[in-house]
Amino acid sequence: MWIGIIAVLVVGFIGVNRFFLVPNLSPMPDDLGWQDGRFTRCAKPMNCVSSTDPEDSRTHIAPISYTGSVQDAHDTINRILNGMERMTPVTDTANYVHVEFRSLMNGFVDDTEFYIDAENNVIHVKSSARLGESDMGVNRNRIESIREQFNAAS
């Protein structure tokens, strides 16, 4: 009997946390997007990576190189993203994609952005947790996984 009560309490806590607390404590930032030739700088170095942050910073990650057309690069990024779990599309234009990833247990949100730079044949990336001081490398690992899949598809 106690196990059933504990299970109900745990599920209830996770549900309240995932669907009420986390969304209300972490609204979408208003500084997302490609602005003045870059993404905004990472505010917290332990939960964010960006290809437009300075190369000597802890948050820098290399952009994804591509050959071919912007449309091909865009389509490949979208195919990869659509195959990933707990991903929600937010914005999708010809050269910019913004998606949200949610953690499995608590529903913590990471904003992941891609800007296809046709002039330099690279896809700039930024991935940042909305809450917390550290993401334990989740955003960096996610971008590196996307890079590997992108390179394998090219």
# chains A, B, ... in the order shown; residues from 1 in each chain; ligands from 1

$ residues_around --residues "A:Leu32" --least-positions-apart "6" --cutoff "12 Å" --atoms "only C-alpha atoms" --output "ChimeraX atom specification"
/A:38-42,90-91,96-100,110-115,125-128,130

$ residues_around --residues "A:Ile61" --least-positions-apart "6" --cutoff "8 Å" --atoms "only C-alpha atoms" --output "ChimeraX atom specification"
/A:49-51,53,55,125,140

$ atom_distance --atom1 "atom CA of A:Gln71" --atom2 "atom CA of A:Ala94"
7.3 Å

$ closest_residue --among "A:Leu131, A:Arg86, A:Leu104, A:Thr52" --to "A:Gln35" --atoms "only C-alpha atoms"
A:Thr52

$ atom_distance --atom1 "atom CA of A:Asn95" --atom2 "atom CA of A:Ile116"
4.9 Å

$ closest_residue --among "A:Ala129, A:Ile80, A:Val70, A:Met46" --to "A:Ser145" --atoms "only C-alpha atoms"
A:Ile80

$ closest_residue --among "A:Phe101, A:Asp31, A:Gly68, A:Val109" --to "A:Ala43" --atoms "only C-alpha atoms"
A:Asp31

$ select_by_dssp --residues "stretch 34-151 of chain A" --states "strand (DSSP E)" --output "MDAnalysis selection string"
chainID A and resid 48:50 64:65 87:92 96:102 109:117 122:129
